[in-house]
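Okay, structure first, notes after.
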Amino acid sequence: MAIGGVLTAMVTPFDADGRVDEAGAVRLMRHLLENGSDGLVLAGTTGESATLSDQEKERLWELGVSEVGDEAYLVAGSGSNDTAHSAHLTRRAAEIGMDAALVVTPYYNKPNRRGLIAHFSAVAEAAPELPIILYNIPSRCVIDLDNALLAELAQTIPNVSAVKQARYEDVAPIEGLDLLAGNDDTLAKVLDLGGTGGILVSAHLVGREMRRMIDEPDARHEIHEQLADLFKAMFVTSSPIPMKAALEMLGLPAGTLRLPMVEASDEEKAVVRGALERHGLLSTV
């Protein structure tokens with residue numbers, strides 16, 4: 001079965017003391033699934049994975065499986081720049097019952113090609129029954145998985161099943177991999193190339209419209225143009241800062257951020273509010 005559709009990279013709601021808001025997380029999961037999302041990425045970049053403990057990640061996955069597992073495709077953000085740690089978390093995701101794991105390119109270490117192959121092989125082998133989604137995001141990781149390397153990983157590692165492609169240049173279908181848009185503003189392009197969907201942030205707000213981009217190809221680029229300013233507003237500063245601000249404005253669970261992420265400035269909130277108002281998501285004050 002292809003990995004695709006609208007997979008929302010869900011924020012992790014925190015309470016006023018900075019702890020994971022479990023009730024808020026479940027409420028948000030259900031809201032997203034009722035509003036266009038086919039699945040969720042839990043404890044990914046948008047979920048502030050870098051500052052979540054292993055126990056918090058595992059708890060989010062447990063909540064997802066128990067609360068919405070029957071109706072959603074659930075992806076665990078289990079990758080890091082430490083191969084042993086990534087393998088451990090991916091194994092735990094499989095044991096908990098997640099449907100797939102999103103494994104990011106190792107950041108900071110800057111492994112060479114042989115190291116990248118060894119990294120993804122070891123992580124995949126830790127949970128051979130679990131589909132692995134490669135996460136290529138050179139803007140955050142420095143390293144870029146070129147198309148030849150993606151093809152080699154797909155051919156040599158049985159459970160490497162898809163790629164979340166978050167670069168803008170040289171995006172192309174890869175034999176053996178489902179192609180997922182890794183940026184909101186490339187969803188239309190990726191779908192035109194034969195992609196199966198995307199791992200998306202703005203789907204928190206316009207999931208139904210983004211689902212229409214998959215279901216209504218003739219209207220795809222018109223919908224993209226209508227949403228372009230919202231996509232831009234949601235990245236007016238580092239994600240997930242704008243999205244958490246937007247969710248708070250809409251009365252949905254989001255809460256605080258964990259350092260080094262900080263609350264949106266007044267100027268950034270004004271950009272977010274303006275986009276929400278223009279799209280009829282928030283009444284003009």
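Going through the structure tokens in order, the chains are called A, B, and so on, while each chain numbers its residues from 1 and the ligands are numbered from 1 in the order shown.
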Could you pull the residues within 9 Å of region 263-279 of chain A, counting only C-alpha atoms, minus those fewer than 6 positions along the same chain, as JSON, numbers by chain?
{"A": [205, 226, 227, 229, 230, 233, 234, 236, 237, 241, 242, 243, 244, 245, 246, 249, 250, 256, 257, 285]}
Can you list, as a count of residues only, every protein, DNA or RNA residue that comes within 8 Å of Leu89 (chain A) when you count only C-alpha atoms, leaving out same-chain residues fewer than 6 positions away?
3
Strand (DSSP E) residues, from DSSP on the backbone, in region 195-231 of chain A, as a PyMOL selection string:
chain A and resi 197-200
Residues just named, written with all heavy atoms as a compact mmCIF listing (two decimals), in the first residue's frame:
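part.txt, freshly written:
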# COMPACT_ATOMS: atom_id res chain seq x y z
N GLY A 197 1.45 12.22 -1.97
CA GLY A 197 0.91 13.11 -0.96
C GLY A 197 2.01 13.93 -0.33
O GLY A 197 3.01 14.25 -0.99
N GLY A 198 1.84 14.26 0.93
CA GLY A 198 2.86 15.08 1.59
C GLY A 198 2.78 14.98 3.09
O GLY A 198 1.75 14.61 3.66
N ILE A 199 3.90 15.30 3.72
CA ILE A 199 3.96 15.50 5.17
C ILE A 199 3.97 17.00 5.36
O ILE A 199 4.95 17.66 5.02
CB ILE A 199 5.18 14.79 5.78
CG1 ILE A 199 5.00 13.27 5.64
CG2 ILE A 199 5.34 15.17 7.25
CD1 ILE A 199 6.18 12.45 6.15
N LEU A 200 2.88 17.53 5.89
CA LEU A 200 2.53 18.94 5.73
C LEU A 200 2.25 19.62 7.06
O LEU A 200 1.81 18.98 8.02
CB LEU A 200 1.30 19.04 4.82
CG LEU A 200 1.43 18.26 3.50
CD1 LEU A 200 0.07 18.03 2.87
CD2 LEU A 200 2.36 19.00 2.55
Extract, using only C-alpha atoms, all DNA, RNA and protein residues at most 9 Å from region 102-119 of chain A, discarding same-chain residues fewer than 3 positions from it, and format them as a PDB file with N, CA and C atoms, in the first residue's frame.
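Below is the file that was written, selection.pdb:
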ATOM      1  N   VAL A  41       2.029  12.710  11.658  1.00  0.00           N
ATOM      2  CA  VAL A  41       3.396  12.460  12.104  1.00  0.00           C
ATOM      3  C   VAL A  41       3.488  12.975  13.532  1.00  0.00           C
ATOM      4  N   GLY A  44       7.630  14.653  15.206  1.00  0.00           N
ATOM      5  CA  GLY A  44       8.513  15.067  14.133  1.00  0.00           C
ATOM      6  C   GLY A  44       9.067  16.453  14.400  1.00  0.00           C
ATOM      7  N   VAL A  75       2.679   7.990  11.800  1.00  0.00           N
ATOM      8  CA  VAL A  75       4.109   7.970  11.510  1.00  0.00           C
ATOM      9  C   VAL A  75       4.858   8.501  12.734  1.00  0.00           C
ATOM     10  N   ALA A  76       5.855   7.765  13.157  1.00  0.00           N
ATOM     11  CA  ALA A  76       6.674   8.152  14.307  1.00  0.00           C
ATOM     12  C   ALA A  76       7.901   8.913  13.832  1.00  0.00           C
ATOM     13  N   GLY A  77       8.124  10.089  14.384  1.00  0.00           N
ATOM     14  CA  GLY A  77       9.375  10.793  14.151  1.00  0.00           C
ATOM     15  C   GLY A  77      10.442  10.180  15.039  1.00  0.00           C
ATOM     16  N   SER A  78      11.195   9.226  14.482  1.00  0.00           N
ATOM     17  CA  SER A  78      12.115   8.447  15.324  1.00  0.00           C
ATOM     18  C   SER A  78      13.583   8.664  14.979  1.00  0.00           C
ATOM     19  N   GLY A  79      13.874   9.555  14.034  1.00  0.00           N
ATOM     20  CA  GLY A  79      15.253   9.730  13.603  1.00  0.00           C
ATOM     21  C   GLY A  79      16.001  10.788  14.387  1.00  0.00           C
ATOM     22  N   SER A  80      17.309  10.665  14.388  1.00  0.00           N
ATOM     23  CA  SER A  80      18.192  11.671  14.987  1.00  0.00           C
ATOM     24  C   SER A  80      19.546  11.547  14.286  1.00  0.00           C
ATOM     25  N   ASN A  81      20.566  12.212  14.826  1.00  0.00           N
ATOM     26  CA  ASN A  81      21.904  12.081  14.245  1.00  0.00           C
ATOM     27  C   ASN A  81      22.725  10.993  14.933  1.00  0.00           C
ATOM     28  N   ASP A  82      22.101  10.246  15.809  1.00  0.00           N
ATOM     29  CA  ASP A  82      22.747   9.151  16.528  1.00  0.00           C
ATOM     30  C   ASP A  82      22.114   7.847  16.047  1.00  0.00           C
ATOM     31  N   THR A  83      22.858   7.041  15.332  1.00  0.00           N
ATOM     32  CA  THR A  83      22.285   5.846  14.720  1.00  0.00           C
ATOM     33  C   THR A  83      21.703   4.896  15.758  1.00  0.00           C
ATOM     34  N   ALA A  84      22.427   4.643  16.833  1.00  0.00           N
ATOM     35  CA  ALA A  84      21.933   3.712  17.850  1.00  0.00           C
ATOM     36  C   ALA A  84      20.642   4.211  18.474  1.00  0.00           C
ATOM     37  N   SER A  86      18.472   6.337  17.078  1.00  0.00           N
ATOM     38  CA  SER A  86      17.429   6.270  16.057  1.00  0.00           C
ATOM     39  C   SER A  86      16.898   4.846  15.922  1.00  0.00           C
ATOM     40  N   ALA A  87      17.801   3.877  15.949  1.00  0.00           N
ATOM     41  CA  ALA A  87      17.393   2.474  15.830  1.00  0.00           C
ATOM     42  C   ALA A  87      16.531   2.068  17.018  1.00  0.00           C
ATOM     43  N   THR A  90      13.083   3.693  16.676  1.00  0.00           N
ATOM     44  CA  THR A  90      12.329   3.079  15.585  1.00  0.00           C
ATOM     45  C   THR A  90      11.799   1.715  16.005  1.00  0.00           C
ATOM     46  N   ALA A 122      21.101   0.375   9.395  1.00  0.00           N
ATOM     47  CA  ALA A 122      21.010  -0.046  10.792  1.00  0.00           C
ATOM     48  C   ALA A 122      19.658   0.315  11.400  1.00  0.00           C
ATOM     49  N   VAL A 123      19.158   1.511  11.084  1.00  0.00           N
ATOM     50  CA  VAL A 123      17.864   1.923  11.625  1.00  0.00           C
ATOM     51  C   VAL A 123      16.755   1.035  11.069  1.00  0.00           C
ATOM     52  N   ALA A 124      16.777   0.792   9.769  1.00  0.00           N
ATOM     53  CA  ALA A 124      15.748  -0.038   9.150  1.00  0.00           C
ATOM     54  C   ALA A 124      15.786  -1.468   9.674  1.00  0.00           C
ATOM     55  N   PRO A 131       7.623   0.188   7.773  1.00  0.00           N
ATOM     56  CA  PRO A 131       8.044   1.019   6.645  1.00  0.00           C
ATOM     57  C   PRO A 131       8.837   2.235   7.126  1.00  0.00           C
ATOM     58  N   ILE A 132       9.920   2.521   6.431  1.00  0.00           N
ATOM     59  CA  ILE A 132      10.776   3.654   6.761  1.00  0.00           C
ATOM     60  C   ILE A 132      10.578   4.741   5.709  1.00  0.00           C
ATOM     61  N   ILE A 133      10.304   5.956   6.173  1.00  0.00           N
ATOM     62  CA  ILE A 133      10.223   7.129   5.308  1.00  0.00           C
ATOM     63  C   ILE A 133      11.508   7.921   5.501  1.00  0.00           C
ATOM     64  N   LEU A 134      12.325   8.001   4.462  1.00  0.00           N
ATOM     65  CA  LEU A 134      13.526   8.822   4.528  1.00  0.00           C
ATOM     66  C   LEU A 134      13.118  10.287   4.559  1.00  0.00           C
ATOM     67  N   TYR A 135      13.794  11.076   5.375  1.00  0.00           N
ATOM     68  CA  TYR A 135      13.468  12.497   5.503  1.00  0.00           C
ATOM     69  C   TYR A 135      14.671  13.301   5.030  1.00  0.00           C
ATOM     70  N   ASN A 136      14.548  13.845   3.823  1.00  0.00           N
ATOM     71  CA  ASN A 136      15.650  14.604   3.235  1.00  0.00           C
ATOM     72  C   ASN A 136      15.363  16.095   3.359  1.00  0.00           C
ATOM     73  N   ILE A 137      16.091  16.765   4.233  1.00  0.00           N
ATOM     74  CA  ILE A 137      15.862  18.190   4.468  1.00  0.00           C
ATOM     75  C   ILE A 137      17.211  18.889   4.639  1.00  0.00           C
ATOM     76  N   PRO A 138      17.894  19.153   3.519  1.00  0.00           N
ATOM     77  CA  PRO A 138      19.238  19.737   3.597  1.00  0.00           C
ATOM     78  C   PRO A 138      19.282  21.095   4.285  1.00  0.00           C
ATOM     79  N   ARG A 140      18.061  21.898   7.045  1.00  0.00           N
ATOM     80  CA  ARG A 140      18.270  21.681   8.483  1.00  0.00           C
ATOM     81  C   ARG A 140      19.444  20.741   8.760  1.00  0.00           C
ATOM     82  N   CYS A 141      19.768  19.876   7.806  1.00  0.00           N
ATOM     83  CA  CYS A 141      20.745  18.817   8.060  1.00  0.00           C
ATOM     84  C   CYS A 141      22.076  18.998   7.348  1.00  0.00           C
ATOM     85  N   VAL A 142      22.188  19.999   6.485  1.00  0.00           N
ATOM     86  CA  VAL A 142      23.387  20.269   5.693  1.00  0.00           C
ATOM     87  C   VAL A 142      23.540  19.260   4.563  1.00  0.00           C
ATOM     88  N   ILE A 143      23.415  17.979   4.863  1.00  0.00           N
ATOM     89  CA  ILE A 143      23.590  16.927   3.862  1.00  0.00           C
ATOM     90  C   ILE A 143      22.329  16.772   3.021  1.00  0.00           C
ATOM     91  N   ASP A 144      22.518  16.510   1.730  1.00  0.00           N
ATOM     92  CA  ASP A 144      21.423  16.267   0.810  1.00  0.00           C
ATOM     93  C   ASP A 144      21.527  14.833   0.295  1.00  0.00           C
ATOM     94  N   LEU A 145      20.441  14.088   0.396  1.00  0.00           N
ATOM     95  CA  LEU A 145      20.400  12.750  -0.196  1.00  0.00           C
ATOM     96  C   LEU A 145      20.080  12.917  -1.673  1.00  0.00           C
ATOM     97  N   LEU A 149      21.459   8.309  -4.601  1.00  0.00           N
ATOM     98  CA  LEU A 149      21.563   7.672  -3.284  1.00  0.00           C
ATOM     99  C   LEU A 149      20.181   7.227  -2.799  1.00  0.00           C
ATOM    100  N   GLU A 152      19.475   4.036  -4.459  1.00  0.00           N
ATOM    101  CA  GLU A 152      20.257   2.938  -3.897  1.00  0.00           C
ATOM    102  C   GLU A 152      19.682   2.468  -2.568  1.00  0.00           C
ATOM    103  N   LEU A 153      19.274   3.420  -1.730  1.00  0.00           N
ATOM    104  CA  LEU A 153      18.667   3.050  -0.447  1.00  0.00           C
ATOM    105  C   LEU A 153      17.380   2.263  -0.669  1.00  0.00           C
ATOM    106  N   VAL A 163      10.062   8.675   0.608  1.00  0.00           N
ATOM    107  CA  VAL A 163      10.930   9.797   0.964  1.00  0.00           C
ATOM    108  C   VAL A 163      10.075  11.032   1.167  1.00  0.00           C
ATOM    109  N   LYS A 164      10.303  11.692   2.274  1.00  0.00           N
ATOM    110  CA  LYS A 164       9.767  13.042   2.477  1.00  0.00           C
ATOM    111  C   LYS A 164      10.815  13.984   1.903  1.00  0.00           C
TER     112      LYS A 164
END
Might you pull out every residue within 12 Å of Ala188 (chain A), with only C-alpha atoms counted and same-chain residues fewer than 4 positions away left off, and present them as a PyMOL selection string?
chain A and resi 180-184+192-198+209-225+227-228
Would you please work out which residue, of A:Gly4, A:Pro158, A:Gly47, A:Pro253, is nearest to Ala25 (chain A) when using only C-alpha atoms?
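Smallest separation from Ala25 (chain A) among the options: A:Pro253.
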